[in-house]
Amino acid sequence: MERPIKRDFKRPTHINDYPVGPQYEAGFLAETNASWRTFRPVIDLDKCINCLICYMVCPDGTIMKREGKVAVDYDYCKGCGVCAHECPKDAIAMIKEEL
Amino acid sequence: MTNETIMNIPRVTPKNMTEQEFFYGHKACAGCGGSVAVRLALKVLGERTYSALPAGCMAAVGFIFPQMAFKNNSIITTFPGVASMASGIAAGAKALGQTDFKTVCFAGDGGTADIGLQALSGMIDRDDDVLYICYDNEAYMNTGIQKSGLTPYGTHTTTTPAGKNLPGSKTHKKNVFEIIAAHDIKYAATASIGYPQDFINKVNKAKHIKGATFIHVYASCPTGWGTPTNTSIEIAREAVDCGLIFLAEYENGDFKLNKNPKEFASVKEYLTKQGRFKHMTDEDIEQVIGFRDMKWERMRRNWNHK
């Protein structure tokens with residue numbers, strides 16, 4: 001598995017359901033961050049030269065390497081716009097999310 | 001480490017970097033520079049890494065039960081004790097017979113330069129096999145932007161409010177890099193997330209050194225600095241270009257400047273872009289430039305550079 005994915009978290013109902021001690025499974029994600037986003041990055045694959053600068057500078061690691069191009073994991077992208085700002089070919093547009 | 005062994009370390013680039021993410025789904029502010037540093041470092045270090053984090057942004061955004069953003073083994077430590085905790089982890093793993101691991105600390109500037117300095121000094125003195133990464137966002141951001149030892153002159157923070165009586169922070173940045181180098185550490189470096197490949201190279205080098213190593217990485221903070229979220233990387237790059245942050249290495253007793261620009265970019269342009277420096281007068285900016293020039297004069301005189 002490349003990236004951790006969202007899994008169902010069973011809310012504890014009884015004291016025995018709580019973990020013993022302050023530790024928990026590494027990489028367990030109970031929710032996504034998609035609701036943080038106001039603008040969504042959209043990649044123009046014709047302009048993309050696969051330089052992977054966006055891949056390096058994404059604070060959330062949501063840019064994925066896919067067969068010579070990049071793609072975005074919209075479940076965890078917060079829409080900060082760093083990728084669009086750093087793209088040397090202006091291949092990423094920030095488009096307002098419609099509700 | 002001899003030059004030959006350095007040459008033999010396989011280079012890590014975005015092309016051959018692992019697709020695995022070890023810091024994913026965290027709750028850091030949009031455009032967080034510290035999380036770029038943590039994410040890239042963990043990608044270079046790999047899955048067999050134990051990380052220790054003191055109270056600070058990355059601990060606060062990484063472990064929100066049940067959202068566990070770290071995919072590798074990680075632990076939150078006491079604020080002053082991150083380096084000693086990491087020493088213990090390294091010793092414990094060694095006692096269990098493990099050989100294929102690396103221990104890393106991710107501490108903020110407060111957890112390094114102020115609160116955690118004593119434990120860090122002890123760790124370097126014992127030469128424990130730990131890589132200590134300080135992501136420097138120039139104030140205690142997690143608790144609401146208070147001044148730390150690494151806050152530069154003129155910064156508006158909640159404990160140094162700029163106004164008629166105060167220019168913001170009255171002190172300059174503490175020289176942590178040279179404090180660490182004075183321990184005769186095996187390897188220490190400064191980096192900036194504005195130059196990610198340079199940072200990756202330095203983490204990669206530290207990964208292959210057995211013993212205590214230290215990397216001071218400049219990481220922007222849109223929330224605390226009052227900058228737009230999309231310029232996080234740009235602002236960290238400009239800080240290096242205008243000379244307020246330098247890229248250097250300390251190894252085998254020698255300092256080396258990695259980047260020695262002939263001309264600096266405009267300091268004023270860099271400062272006025274940020275909400276935390278907006279109040280600064282021309283005299284304040286002159287003072288910042290004077291301090292920068294004094295420092296660079298000393299570095300160029302005493303350190304190796306091209």
# chains A, B, ... in the order shown; residues from 1 in each chain; ligands from 1
>>> residues_around(residues="Val70 in chain A", least_positions_apart="3", cutoff="8 Å", atoms="only C-alpha atoms", output="list of chain:residue names")
A:Ile43, A:Cys48, A:Asn50, A:Leu52, A:Tyr55, A:Ile63, A:Met64, A:Lys65, A:Arg66, A:Glu67
>>> residues_around(residues="Asn201 in chain B", least_positions_apart="4", cutoff="8 Å", atoms="only C-alpha atoms", output="PyMOL selection string")
chain B and resi 11-12+197+205
>>> closest_atom_pairs(of="chain B", to="chain A", cutoff="10 Å", atoms="only C-alpha atoms", output="JSON lines")
{"residue": "B:Thr13", "atom": "CA", "partner": "A:Met56", "partner_atom": "CA", "distance": 9.2}
{"residue": "B:Pro14", "atom": "CA", "partner": "A:Leu52", "partner_atom": "CA", "distance": 6.3}
{"residue": "B:Lys15", "atom": "CA", "partner": "A:Leu52", "partner_atom": "CA", "distance": 7.3}
{"residue": "B:Met17", "atom": "CA", "partner": "A:Met56", "partner_atom": "CA", "distance": 9.7}
{"residue": "B:Thr18", "atom": "CA", "partner": "A:Glu2", "partner_atom": "CA", "distance": 8.7}
{"residue": "B:Glu19", "atom": "CA", "partner": "A:Glu2", "partner_atom": "CA", "distance": 5.9}
{"residue": "B:Gln20", "atom": "CA", "partner": "A:Glu2", "partner_atom": "CA", "distance": 4.3}
{"residue": "B:Glu21", "atom": "CA", "partner": "A:Arg3", "partner_atom": "CA", "distance": 5.4}
{"residue": "B:Phe22", "atom": "CA", "partner": "A:Gly27", "partner_atom": "CA", "distance": 7.7}
{"residue": "B:Phe23", "atom": "CA", "partner": "A:Asp60", "partner_atom": "CA", "distance": 7.7}
{"residue": "B:Tyr24", "atom": "CA", "partner": "A:Asp60", "partner_atom": "CA", "distance": 6.2}
{"residue": "B:Gly25", "atom": "CA", "partner": "A:Tyr76", "partner_atom": "CA", "distance": 6.0}
{"residue": "B:His26", "atom": "CA", "partner": "A:Asp60", "partner_atom": "CA", "distance": 7.4}
{"residue": "B:Lys27", "atom": "CA", "partner": "A:Asn33", "partner_atom": "CA", "distance": 7.7}
{"residue": "B:Ala28", "atom": "CA", "partner": "A:Asp60", "partner_atom": "CA", "distance": 8.5}
{"residue": "B:Cys29", "atom": "CA", "partner": "A:Lys78", "partner_atom": "CA", "distance": 8.5}
{"residue": "B:Ala30", "atom": "CA", "partner": "A:Cys80", "partner_atom": "CA", "distance": 4.9}
{"residue": "B:Gly31", "atom": "CA", "partner": "A:Cys80", "partner_atom": "CA", "distance": 5.1}
{"residue": "B:Cys32", "atom": "CA", "partner": "A:Pro59", "partner_atom": "CA", "distance": 6.0}
{"residue": "B:Gly33", "atom": "CA", "partner": "A:Pro59", "partner_atom": "CA", "distance": 6.6}
{"residue": "B:Gly34", "atom": "CA", "partner": "A:Pro59", "partner_atom": "CA", "distance": 8.0}
{"residue": "B:Ser35", "atom": "CA", "partner": "A:Pro59", "partner_atom": "CA", "distance": 5.4}
{"residue": "B:Val36", "atom": "CA", "partner": "A:Pro59", "partner_atom": "CA", "distance": 4.4}
{"residue": "B:Ala37", "atom": "CA", "partner": "A:Pro59", "partner_atom": "CA", "distance": 8.2}
{"residue": "B:Val38", "atom": "CA", "partner": "A:Pro59", "partner_atom": "CA", "distance": 9.0}
{"residue": "B:Arg39", "atom": "CA", "partner": "A:Gly61", "partner_atom": "CA", "distance": 7.4}
{"residue": "B:Leu40", "atom": "CA", "partner": "A:Met56", "partner_atom": "CA", "distance": 7.3}
{"residue": "B:Gly62", "atom": "CA", "partner": "A:Gly27", "partner_atom": "CA", "distance": 9.9}
{"residue": "B:Phe63", "atom": "CA", "partner": "A:Tyr24", "partner_atom": "CA", "distance": 9.3}
{"residue": "B:Ile64", "atom": "CA", "partner": "A:Leu29", "partner_atom": "CA", "distance": 9.7}
{"residue": "B:Phe65", "atom": "CA", "partner": "A:Tyr24", "partner_atom": "CA", "distance": 7.8}
{"residue": "B:Pro66", "atom": "CA", "partner": "A:Ala30", "partner_atom": "CA", "distance": 6.2}
{"residue": "B:Gln67", "atom": "CA", "partner": "A:Leu29", "partner_atom": "CA", "distance": 4.7}
{"residue": "B:Met68", "atom": "CA", "partner": "A:Phe28", "partner_atom": "CA", "distance": 5.1}
{"residue": "B:Ala69", "atom": "CA", "partner": "A:Gly27", "partner_atom": "CA", "distance": 5.4}
{"residue": "B:Phe70", "atom": "CA", "partner": "A:Gly27", "partner_atom": "CA", "distance": 5.4}
{"residue": "B:Lys71", "atom": "CA", "partner": "A:Gly27", "partner_atom": "CA", "distance": 4.2}
{"residue": "B:Asn72", "atom": "CA", "partner": "A:Ala26", "partner_atom": "CA", "distance": 6.3}
{"residue": "B:Asn73", "atom": "CA", "partner": "A:Ala26", "partner_atom": "CA", "distance": 6.6}
{"residue": "B:Ser74", "atom": "CA", "partner": "A:Ala26", "partner_atom": "CA", "distance": 7.9}
{"residue": "B:Ile75", "atom": "CA", "partner": "A:Gln23", "partner_atom": "CA", "distance": 8.6}
{"residue": "B:Ile193", "atom": "CA", "partner": "A:Val57", "partner_atom": "CA", "distance": 7.9}
{"residue": "B:Gly194", "atom": "CA", "partner": "A:Val57", "partner_atom": "CA", "distance": 8.6}
{"residue": "B:Tyr195", "atom": "CA", "partner": "A:Val57", "partner_atom": "CA", "distance": 9.6}
{"residue": "B:Pro196", "atom": "CA", "partner": "A:Met56", "partner_atom": "CA", "distance": 7.1}
{"residue": "B:Gln197", "atom": "CA", "partner": "A:Met56", "partner_atom": "CA", "distance": 8.4}
{"residue": "B:Ile200", "atom": "CA", "partner": "A:Met56", "partner_atom": "CA", "distance": 9.7}
{"residue": "B:Pro228", "atom": "CA", "partner": "A:Cys80", "partner_atom": "CA", "distance": 8.7}
{"residue": "B:Thr229", "atom": "CA", "partner": "A:Cys80", "partner_atom": "CA", "distance": 5.3}
{"residue": "B:Asn230", "atom": "CA", "partner": "A:Val82", "partner_atom": "CA", "distance": 4.1}
{"residue": "B:Thr231", "atom": "CA", "partner": "A:Val82", "partner_atom": "CA", "distance": 6.3}
{"residue": "B:Ser232", "atom": "CA", "partner": "A:Val82", "partner_atom": "CA", "distance": 6.9}
{"residue": "B:Ile233", "atom": "CA", "partner": "A:Val82", "partner_atom": "CA", "distance": 7.2}
{"residue": "B:Glu234", "atom": "CA", "partner": "A:Glu86", "partner_atom": "CA", "distance": 7.7}
>>> atom_distance(atom1="CA of Ile15 in chain A", atom2="CA of Ala60 in chain B")
24.7 Å
>>> residues_around(residues="range 126-140 of chain B", least_positions_apart="3", cutoff="6 Å", atoms="only C-alpha atoms", output="count of residues only")
28
>>> select_by_dssp(residues="range 62-284 of chain B", states="strand (DSSP E or B)", output="PDB file with C-alpha atoms, in the first residue's frame")
ATOM      1  CA  PHE B  63      -1.451  12.319  16.336  1.00  0.00           C
ATOM      2  CA  ILE B  64      -5.111  13.227  16.741  1.00  0.00           C
ATOM      3  CA  GLN B  67      -6.188   9.901  13.097  1.00  0.00           C
ATOM      4  CA  MET B  68      -2.589   8.631  13.079  1.00  0.00           C
ATOM      5  CA  PHE B  70       2.641   8.815  10.855  1.00  0.00           C
ATOM      6  CA  ASN B  73       6.821   4.063  14.388  1.00  0.00           C
ATOM      7  CA  SER B  74       6.506   7.427  16.116  1.00  0.00           C
ATOM      8  CA  ILE B  75       6.226   8.766  19.604  1.00  0.00           C
ATOM      9  CA  ILE B  76       5.458  12.097  21.254  1.00  0.00           C
ATOM     10  CA  LYS B 102      17.372   4.970  11.759  1.00  0.00           C
ATOM     11  CA  THR B 103      16.165   7.157  14.612  1.00  0.00           C
ATOM     12  CA  VAL B 104      15.070  10.684  13.842  1.00  0.00           C
ATOM     13  CA  CYS B 105      13.805  13.659  15.862  1.00  0.00           C
ATOM     14  CA  PHE B 106      11.526  16.296  14.402  1.00  0.00           C
ATOM     15  CA  ALA B 107      11.552  19.307  16.669  1.00  0.00           C
ATOM     16  CA  GLY B 108      10.505  22.872  16.069  1.00  0.00           C
ATOM     17  CA  VAL B 130      20.263   9.830  15.865  1.00  0.00           C
ATOM     18  CA  LEU B 131      19.424  12.322  13.145  1.00  0.00           C
ATOM     19  CA  TYR B 132      18.001  15.490  14.674  1.00  0.00           C
ATOM     20  CA  ILE B 133      15.952  17.627  12.290  1.00  0.00           C
ATOM     21  CA  CYS B 134      14.899  21.076  13.472  1.00  0.00           C
ATOM     22  CA  TYR B 135      12.161  22.629  11.324  1.00  0.00           C
ATOM     23  CA  ASP B 136      12.540  26.318  11.954  1.00  0.00           C
ATOM     24  CA  TYR B 140       6.249  28.859  18.835  1.00  0.00           C
ATOM     25  CA  GLN B 146       5.169  33.337  20.700  1.00  0.00           C
ATOM     26  CA  TYR B 187      27.666  16.135  10.402  1.00  0.00           C
ATOM     27  CA  ALA B 188      25.515  19.250  10.674  1.00  0.00           C
ATOM     28  CA  ALA B 189      23.783  21.203   7.940  1.00  0.00           C
ATOM     29  CA  THR B 190      21.332  23.995   7.305  1.00  0.00           C
ATOM     30  CA  ALA B 191      18.705  23.729   4.596  1.00  0.00           C
ATOM     31  CA  SER B 192      15.505  25.354   3.399  1.00  0.00           C
ATOM     32  CA  THR B 213      23.806  14.305  12.966  1.00  0.00           C
ATOM     33  CA  PHE B 214      21.850  17.549  12.834  1.00  0.00           C
ATOM     34  CA  ILE B 215      19.908  19.352  10.107  1.00  0.00           C
ATOM     35  CA  HIS B 216      18.399  22.794  10.585  1.00  0.00           C
ATOM     36  CA  VAL B 217      15.711  23.304   7.944  1.00  0.00           C
ATOM     37  CA  TYR B 218      13.973  26.615   7.351  1.00  0.00           C
ATOM     38  CA  ALA B 248      25.915  25.390   4.857  1.00  0.00           C
ATOM     39  CA  GLU B 249      27.424  22.137   6.079  1.00  0.00           C
ATOM     40  CA  TYR B 250      29.796  21.226   8.878  1.00  0.00           C
ATOM     41  CA  GLU B 251      31.817  18.085   8.430  1.00  0.00           C
ATOM     42  CA  ASP B 254      35.224  22.236   8.418  1.00  0.00           C
ATOM     43  CA  PHE B 255      32.440  24.644   7.599  1.00  0.00           C
ATOM     44  CA  LYS B 256      31.318  24.806   3.995  1.00  0.00           C
ATOM     45  CA  LEU B 257      28.973  27.335   2.398  1.00  0.00           C
TER      46      LEU B 257
END
>>> residues_around(residues="Ala265 in chain B", least_positions_apart="2", cutoff="10 Å", atoms="only C-alpha atoms", output="PyMOL selection string")
chain B and resi 238-243+261-263+267-270
>>> write_last_selection(atoms="C-alpha atoms", output="short mmCIF file (atom, residue, chain, number, x, y, z; two decimals), in the first residue's frame")
data_model
loop_
_atom_site.label_atom_id
_atom_site.label_comp_id
_atom_site.auth_asym_id
_atom_site.auth_seq_id
_atom_site.Cartn_x
_atom_site.Cartn_y
_atom_site.Cartn_z
CA GLU B 238 13.53 34.03 -1.10
CA ALA B 239 14.85 33.94 2.46
CA VAL B 240 17.91 32.11 1.12
CA ASP B 241 18.22 34.35 -1.95
CA CYS B 242 18.23 37.54 0.12
CA GLY B 243 20.86 36.11 2.49
CA PRO B 261 25.46 34.34 -4.05
CA LYS B 262 27.35 37.26 -5.59
CA GLU B 263 24.39 39.54 -5.09
CA VAL B 267 15.54 42.06 1.81
CA LYS B 268 12.82 44.69 1.85
CA GLU B 269 10.79 42.80 -0.72
CA TYR B 270 11.08 39.60 1.29
#
>>> atom_distance(atom1="CA of Pro80 in chain B", atom2="CA of Lys202 in chain B")
25.2 Å
>>> atom_distance(atom1="CA of Pro152 in chain B", atom2="CA of Val203 in chain B")
25.2 Å
>>> select_by_dssp(residues="chain A", states="helix (DSSP H, G or I)", output="VMD selection string")
chain A and resid 15 to 17 34 to 36 53 to 57 82 to 86
